[in-house]
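Okay, structure first, notes after.
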Amino acid sequence: MRRLFQFRGGVLLKEHKRDATAQSVQPATLPKRLVLPLQQHIGEPAEPIVAVGDKVLKGQLIAKPMSFISAPVHASSSGTVVAITEHPVSHPSQLNAVCITIETDGQERWKERQQAVADYHQLPPEKLREMIRDAGIVGMGGAGFPSHVKLNPGQKAVDTLVLNGAECEPYITCDEMLLRERALEIIVGLRIMRYALQAKRCIIGIENNKAAAFHALQEQVRNTGADFIEVVQVPTVYPTGGEKQLIHVLTGKEVPAGGLPLDIGIVCHNVGTAYAVYRAIEFDEPLISRFVTIAGSVARARNLEVLIGTPIIDLIKECGGNPSTLSRVIMGGPMMGIALHDESIPVTKVTNCILVNATISDVPLASKGSFAMPCIRCGNCAVACPVDLLPQQLYWHARAKDFDKVQDYNLFDCIECGCCDYVCPSQIPLVHYFRFAKTEIWAQQQEKILADAARERHEFRELRLERDKREKQERHKAKRAALTANPKTKAGDSKDSAADAKKAAIQAAMKRAQAKREVNNIPPKNIDNLTADQQRKVDEADRRRSDDQAETKVKATPQTTNQANTQSKNSTAQDSSQ
Amino acid sequence: MSLDTTSSPHIHSGIHITGMMMRVCLALVPAIIAYTWFFGWGLIINIVIAITTALCAEAMMLKIRQRPIAPFLTDGSAVVTGLLLAFCIPPLSPWWITVMGAAFAIIVAKQLYGGLGYNPFNPAMVGYVMLLISFPLEMTQWVPPNIVNQLGVSFVDTLNIIFTGNFPYLLSIDALSMATPLDTVKTELGLNVTVTEIVRGNAIFGDFAGIGWEWVSNWILLGGLWLIYKRIITWHIPLALMGSLFVISFFFFMVDPDIYLSPMFHLFGGATILAAFFIATDPVSASTTPWGRIYYGIGIGVFIYVIRTWGSYPDAVAFAVLLMNMAAPTIDYYTQPRVFGHSGKDASIKDTTIKDTTGEGP
């Protein structure tokens, strides 16, 4: 018997698991349309490689990953691509994302599949990871991290591969049903993963409220004679299904904050992922379907094997839910699931449950819209917190937007499990505050990066302007030196060169003024064929004008130089102000 | 189609502030009965006066502060404040004493600081200390055990005493009142009488503390244990408070039992048990971390002993609690628990790398 290490905190929840586990899992009806989001995983979205109008086969690659942390998307059934466009998806932001929509033809024609792998031990682990990557397998417990990345230990040695069958959220039973109905397949998948990781041993953790699943699995482990696999029942406490929590319960080890399980020689995968790996390696089947629990206020709560991309409304209808009375549809469990904003949102690789109008629950739903009382610092949240945070303090500082303090209180260790919210007697939406604070901090960091870049740009510009100005001044100096050098040599004296330059500038300005005036002095053209009288008058006027000019010339000289000076000053001022 | 998209979690335990406060009141019911048995109807009348005043003051202040009245008036916190204050006031005090104490507690100690959740000091204790300092005579006219029964002071008589100050025939406040056991000990120790002599020479001393008082304390203890069982309070503060008081009084008792009271007298005489389970555990003004609560409880226990033994007040619960209220924020800051996945005892050792720590979902 393995010694277990219960983490502190957590809450006991009503399970609500009986309804959906009463009957065996059936495939869901083929939907008319499949909507396949290009991003169903953590990482970069995939890039479509089909066009609207293309015929696709079941299992055909329709979008390929563009980087290491990404996953391809495959057609879940045969049909025609009718749209590659934005569509509502399950995301807390309620933003749309690009999806490939396939109109199914009902024939379920498969792509050509490879021969079954006779013995995966013949293949190197890299090849297995490549196959798993090409099958588009991601963590099916909810996070959706590309599995080939998690199956690559790099230089680190893996001691234990933990298979997560805890499934601690109320209502959700898809993993339990998978364990009950596909136990052997999961064991094979687990062994493939163990081989890919070169792990020493495997532990399968199952909550002790799933006796049937536990026994099914134990029997298969006995049958296969795999003595390196241990099936362990763990206490039913929410959130035992959290990766770090389950690892702690099973091994007593804590994953370091900000680190990965791999740092302590452990890798954790979901049972659904093991099953998908089995299908991929043994049958060359990409991840195009999964078990989904449909529960809540539906006539026939159950688990269905659902094609990825099936709109949730199809499943709700199939299970006897009334589409006209939908008020709240949660994708995932009641503790961590996302309340969907649109009924056409499709099932993705990470969808484990669709919870319809859970107001029928005997556990009162938190009415967040209603009035939240002030925090009375009862500390129930701190008692319930599975990572030993002090939510009451985090809340205080998050509300005050004191983001340094919230990080002091280790905000980023929060796993958003919702235990604090659940027990809060003031019904404060604590997790909401923590998400808000996290997002704000991320945004601030992003802003800081941008601000740093902007500052650098600005500083560089200042530097450049300074340099330009210096160079200009140097050029001017050189020019001036060149100009003054000549008269100097001619005169042969050592008079102040600045005075000379000034004089030269005055001369030049006077010359320019003279030239300008001469241009202006173009005689009028109507002086041909003049009468004698007229000629006389013109002559008189000309004489007068030239006299005037002579006078003005004498008067204007100092003025002009002044002007010239001011002008040059102005231009220097303008220069430096640039 | 508009679907409700509030963020997770989508379920709640169903335990609200009102429920918690009502359970606190419920836990005091046995003690109220015992108290009435030994000391007459005064307590119950005072409770009614105090709670009514507290609720009126609360409603008035919420109105002035333009806060929603209904949710705050029904949260039960004012009821608890009134109830605890009534426990601390001598049972035959004139009505205006109780009214002033309750109003001061709610208006000054609670609402002026921002209302529920924002008061740094325990409102009931602030109200009590105000009364003790302002009306020292009235606040020390306690009733000896059983005398009310022996003299046949009825409910109507008690009402008369409290509201009009008219005592039944041939009785007066001097005839009906006397010092508490702790007070008696304090006064007589000052006259160089030994503890043994004091206890032997006074009829008010029972098996291990004062007659009546010790039984009220027993019932309060029972109610407090029930609150721990119901998870309304945690064990930390009561245990730390009683533990530290026991240890320190045991030490001095061993040094010289003639001038130092026994640990049992300290625990069950006076308001120690009430403080340990019902006053010091007021969540708003107490420490909230597990270790913080232990230090907080120890602090109160030590202060109670120090003030009782060397201070000028016979009982010291209110002062001890208020003193530790001041220290609570600092205690909380220095007693953060070690966060999961962090090394060492100090939780403030931070990892500067920020990443989404949401693990593989359930």
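Labels used: A, B, ... for chains in the order of the structure tokens, numbers from 1 for residues in each chain, and numbers from 1 for ligands as shown.
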- Query: Could you write out, as a ChimeraX atom specification, all the residues of stretch 12-245 of chain A that DSSP marks as alpha helix (DSSP H)?
  - Reply: /A:125-134,147-150,174-181,183-197,211-224,243-245
Among the residues of stretch 208-419 of chain A, find those DSSP assigns to strand (DSSP E) from the backbone and print them as a PyMOL selection string. chain A and resi 229-234+266-270+289-296+302-307+329-331+338-339+353-356
Could you give me, as a short mmCIF file (atom, residue, chain, number, x, y, z; two decimals) with N, CA and C atoms, in the first residue's frame, the residues within 10 Å of stretch 89-104 of chain A, counting only C-alpha atoms and dropping anything in the same chain fewer than 5 positions from it?
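selection.cif, freshly written:
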data_model
loop_
_atom_site.label_atom_id
_atom_site.label_comp_id
_atom_site.auth_asym_id
_atom_site.auth_seq_id
_atom_site.Cartn_x
_atom_site.Cartn_y
_atom_site.Cartn_z
N LEU A 30 -23.57 12.18 -35.73
CA LEU A 30 -22.69 12.99 -36.58
C LEU A 30 -23.36 14.35 -36.82
N PRO A 31 -22.71 15.44 -36.44
CA PRO A 31 -23.33 16.75 -36.67
C PRO A 31 -23.27 17.15 -38.14
N LYS A 32 -24.14 18.06 -38.54
CA LYS A 32 -24.14 18.55 -39.93
C LYS A 32 -22.88 19.34 -40.22
N ARG A 33 -22.48 20.09 -39.21
CA ARG A 33 -21.30 20.93 -39.39
C ARG A 33 -20.32 20.71 -38.25
N LEU A 34 -19.08 20.72 -38.59
CA LEU A 34 -18.03 20.64 -37.57
C LEU A 34 -17.26 21.96 -37.60
N VAL A 35 -17.05 22.53 -36.44
CA VAL A 35 -16.31 23.79 -36.37
C VAL A 35 -15.01 23.52 -35.62
N LEU A 36 -13.90 23.62 -36.33
CA LEU A 36 -12.62 23.25 -35.73
C LEU A 36 -11.74 24.48 -35.51
N PRO A 37 -11.63 24.92 -34.27
CA PRO A 37 -10.76 26.07 -33.99
C PRO A 37 -9.30 25.73 -34.30
N LEU A 38 -8.56 26.70 -34.79
CA LEU A 38 -7.16 26.47 -35.12
C LEU A 38 -6.30 26.43 -33.86
N GLN A 39 -6.85 26.96 -32.79
CA GLN A 39 -6.11 26.88 -31.54
C GLN A 39 -6.98 26.19 -30.49
N GLN A 40 -6.65 24.95 -30.24
CA GLN A 40 -7.34 24.21 -29.18
C GLN A 40 -6.35 23.84 -28.09
N PRO A 45 -1.30 29.08 -32.68
CA PRO A 45 -2.38 28.44 -33.44
C PRO A 45 -1.81 27.74 -34.68
N ALA A 46 -2.55 26.75 -35.15
CA ALA A 46 -2.12 26.05 -36.36
C ALA A 46 -2.49 26.88 -37.58
N GLU A 47 -1.87 26.53 -38.70
CA GLU A 47 -2.08 27.29 -39.94
C GLU A 47 -2.90 26.42 -40.90
N PRO A 48 -4.01 26.92 -41.44
CA PRO A 48 -4.83 26.08 -42.32
C PRO A 48 -4.07 25.71 -43.60
N VAL A 50 -5.93 23.89 -45.99
CA VAL A 50 -7.02 23.62 -46.92
C VAL A 50 -7.69 24.95 -47.27
N ALA A 51 -8.47 24.92 -48.34
CA ALA A 51 -9.17 26.14 -48.75
C ALA A 51 -10.66 25.85 -48.76
N VAL A 52 -11.44 26.91 -48.76
CA VAL A 52 -12.89 26.75 -48.81
C VAL A 52 -13.25 26.02 -50.10
N GLY A 53 -14.08 25.02 -49.97
CA GLY A 53 -14.49 24.23 -51.14
C GLY A 53 -13.76 22.90 -51.25
N ASP A 54 -12.65 22.76 -50.50
CA ASP A 54 -11.89 21.51 -50.55
C ASP A 54 -12.69 20.37 -49.94
N LYS A 55 -12.56 19.20 -50.55
CA LYS A 55 -13.12 18.00 -49.93
C LYS A 55 -12.07 17.45 -48.98
N VAL A 56 -12.51 17.06 -47.77
CA VAL A 56 -11.55 16.49 -46.82
C VAL A 56 -12.06 15.13 -46.36
N LEU A 57 -11.10 14.31 -45.95
CA LEU A 57 -11.43 12.98 -45.44
C LEU A 57 -11.27 12.97 -43.93
N LYS A 58 -11.92 12.02 -43.32
CA LYS A 58 -11.82 11.89 -41.87
C LYS A 58 -10.37 11.64 -41.47
N ILE A 62 -5.74 19.26 -41.68
CA ILE A 62 -6.29 20.47 -42.31
C ILE A 62 -5.59 21.74 -41.82
N ALA A 63 -4.85 21.64 -40.75
CA ALA A 63 -4.07 22.80 -40.31
C ALA A 63 -2.83 22.28 -39.63
N VAL A 73 -4.36 20.32 -36.55
CA VAL A 73 -5.79 20.05 -36.46
C VAL A 73 -6.16 19.13 -37.62
N ALA A 75 -9.37 16.89 -39.73
CA ALA A 75 -10.81 16.83 -39.98
C ALA A 75 -11.39 15.68 -39.17
N SER A 76 -12.45 15.97 -38.42
CA SER A 76 -13.02 14.93 -37.56
C SER A 76 -13.92 13.99 -38.35
N SER A 77 -14.35 14.43 -39.52
CA SER A 77 -15.17 13.57 -40.38
C SER A 77 -14.96 14.03 -41.81
N SER A 78 -15.46 13.21 -42.76
CA SER A 78 -15.29 13.60 -44.14
C SER A 78 -16.36 14.60 -44.55
N GLY A 79 -16.02 15.44 -45.53
CA GLY A 79 -16.97 16.45 -45.97
C GLY A 79 -16.28 17.55 -46.74
N THR A 80 -16.89 18.74 -46.74
CA THR A 80 -16.38 19.85 -47.52
C THR A 80 -16.10 21.03 -46.60
N VAL A 81 -14.97 21.66 -46.85
CA VAL A 81 -14.65 22.88 -46.09
C VAL A 81 -15.55 23.99 -46.62
N VAL A 82 -16.38 24.56 -45.76
CA VAL A 82 -17.30 25.60 -46.22
C VAL A 82 -16.91 26.98 -45.72
N ALA A 83 -16.06 27.03 -44.73
CA ALA A 83 -15.66 28.35 -44.25
C ALA A 83 -14.37 28.25 -43.46
N ILE A 84 -13.53 29.24 -43.60
CA ILE A 84 -12.37 29.41 -42.70
C ILE A 84 -12.49 30.84 -42.20
N GLY A 309 -15.12 19.44 -32.63
CA GLY A 309 -15.74 20.39 -33.55
C GLY A 309 -17.26 20.36 -33.53
N PRO A 311 -20.77 21.27 -32.44
CA PRO A 311 -21.33 22.38 -31.65
C PRO A 311 -22.05 21.85 -30.41
N ILE A 330 -21.88 25.70 -19.00
CA ILE A 330 -20.50 25.74 -18.56
C ILE A 330 -19.71 24.67 -19.30
N MET A 331 -18.60 25.06 -19.88
CA MET A 331 -17.71 24.08 -20.48
C MET A 331 -16.64 23.78 -19.45
N GLY A 337 -14.79 25.67 -14.75
CA GLY A 337 -15.25 25.75 -16.14
C GLY A 337 -15.53 27.16 -16.59
N ILE A 338 -15.64 27.30 -17.90
CA ILE A 338 -15.93 28.61 -18.49
C ILE A 338 -17.42 28.66 -18.83
N ALA A 339 -18.09 29.71 -18.39
CA ALA A 339 -19.50 29.90 -18.77
C ALA A 339 -19.51 30.43 -20.20
N LEU A 340 -20.13 29.65 -21.10
CA LEU A 340 -20.08 29.99 -22.52
C LEU A 340 -21.05 31.11 -22.85
N HIS A 341 -20.69 31.89 -23.87
CA HIS A 341 -21.55 33.00 -24.26
C HIS A 341 -22.37 32.68 -25.50
N ASP A 342 -22.10 31.54 -26.11
CA ASP A 342 -22.80 31.23 -27.35
C ASP A 342 -23.02 29.73 -27.46
N GLU A 343 -24.19 29.34 -27.92
CA GLU A 343 -24.52 27.92 -27.97
C GLU A 343 -23.90 27.21 -29.17
N SER A 344 -23.33 27.97 -30.08
CA SER A 344 -22.75 27.32 -31.27
C SER A 344 -21.27 27.01 -31.06
N ILE A 345 -20.77 27.27 -29.88
CA ILE A 345 -19.36 27.01 -29.59
C ILE A 345 -19.08 25.51 -29.72
N PRO A 346 -17.99 25.14 -30.37
CA PRO A 346 -17.73 23.71 -30.59
C PRO A 346 -16.97 23.05 -29.45
N VAL A 347 -17.10 21.74 -29.39
CA VAL A 347 -16.28 20.91 -28.49
C VAL A 347 -14.85 20.92 -29.02
N THR A 348 -13.89 21.13 -28.13
CA THR A 348 -12.49 21.08 -28.57
C THR A 348 -11.79 19.88 -27.93
N THR A 351 -12.30 19.81 -24.12
CA THR A 351 -13.64 19.89 -23.53
C THR A 351 -13.97 18.58 -22.83
N THR B 5 -22.52 34.64 -18.17
CA THR B 5 -21.09 34.32 -18.35
C THR B 5 -20.24 34.75 -17.16
N THR B 6 -20.79 34.70 -15.95
CA THR B 6 -19.96 35.02 -14.80
C THR B 6 -18.80 34.03 -14.71
N SER B 7 -17.74 34.48 -14.05
CA SER B 7 -16.54 33.63 -14.06
C SER B 7 -16.63 32.56 -12.97
N SER B 8 -15.80 31.55 -13.12
CA SER B 8 -15.82 30.41 -12.22
C SER B 8 -15.29 30.82 -10.85
#
- Pick out the residues sitting within 8 Å of A:Ser426, and hand them over as a ChimeraX atom specification; count only C-alpha atoms, and ignore anything fewer than 6 positions along from it in its own chain. /A:372-376 /B:16-17
### Query
So how many Å separate atom CA of B:Met100 and atom CA of B:Ala78, to one decimal?
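Rounded to one decimal, the two atoms are 14.4 Å apart.
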How close does each residue of chain A get to chain B, giving the shortest atom pair and distance in Å to one decimal for every residue with an atom at most 6 Å away, counting only C-alpha atoms, sorted by chain and residue number, as CSV?
residue,atom,partner,partner_atom,distance
A:Gly141,CA,B:Gly361,CA,5.2
A:Gly142,CA,B:Gly361,CA,4.7
A:Ala143,CA,B:Glu360,CA,5.0
A:Glu167,CA,B:Pro362,CA,5.1
A:Cys168,CA,B:Pro362,CA,5.7
A:Gly241,CA,B:Pro362,CA,4.2
A:Gly242,CA,B:Pro362,CA,5.3
A:Glu243,CA,B:Glu360,CA,5.3
A:Glu254,CA,B:Gly341,CA,5.2
A:Val255,CA,B:Gly341,CA,5.4
A:Pro256,CA,B:Gly341,CA,4.2
A:Ala257,CA,B:Gly341,CA,4.6
A:Ser327,CA,B:Leu3,CA,5.1
A:Arg328,CA,B:Asp4,CA,5.1
A:Pro334,CA,B:His10,CA,5.0
A:Met335,CA,B:Pro9,CA,4.1
A:Met336,CA,B:Ser8,CA,5.3
A:Ala339,CA,B:Thr5,CA,4.7
A:His341,CA,B:Leu3,CA,5.3
A:Pro364,CA,B:His12,CA,5.9
A:Leu365,CA,B:Ile11,CA,4.3
A:Ala366,CA,B:His12,CA,5.1
A:Pro374,CA,B:Gly117,CA,5.8
A:Cys375,CA,B:Gly117,CA,5.6
A:Ile376,CA,B:Gly117,CA,4.4
A:Arg377,CA,B:Val284,CA,5.3
A:Cys378,CA,B:Pro283,CA,4.8
A:Gly379,CA,B:Thr288,CA,5.6
A:Val387,CA,B:Phe340,CA,4.7
A:Asp388,CA,B:Val339,CA,5.0
A:Leu389,CA,B:Val339,CA,5.9
A:Ile415,CA,B:Thr358,CA,4.6
A:Gly418,CA,B:Pro9,CA,5.3
A:Tyr422,CA,B:His12,CA,4.4
A:Val423,CA,B:Ser13,CA,5.5
A:Pro425,CA,B:His16,CA,3.9
| field | Interatomic distance (Å, one decimal) between atom CA of B:Val185 and atom CA of B:Ile304 | value |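 So the answer is 15.3 Å.
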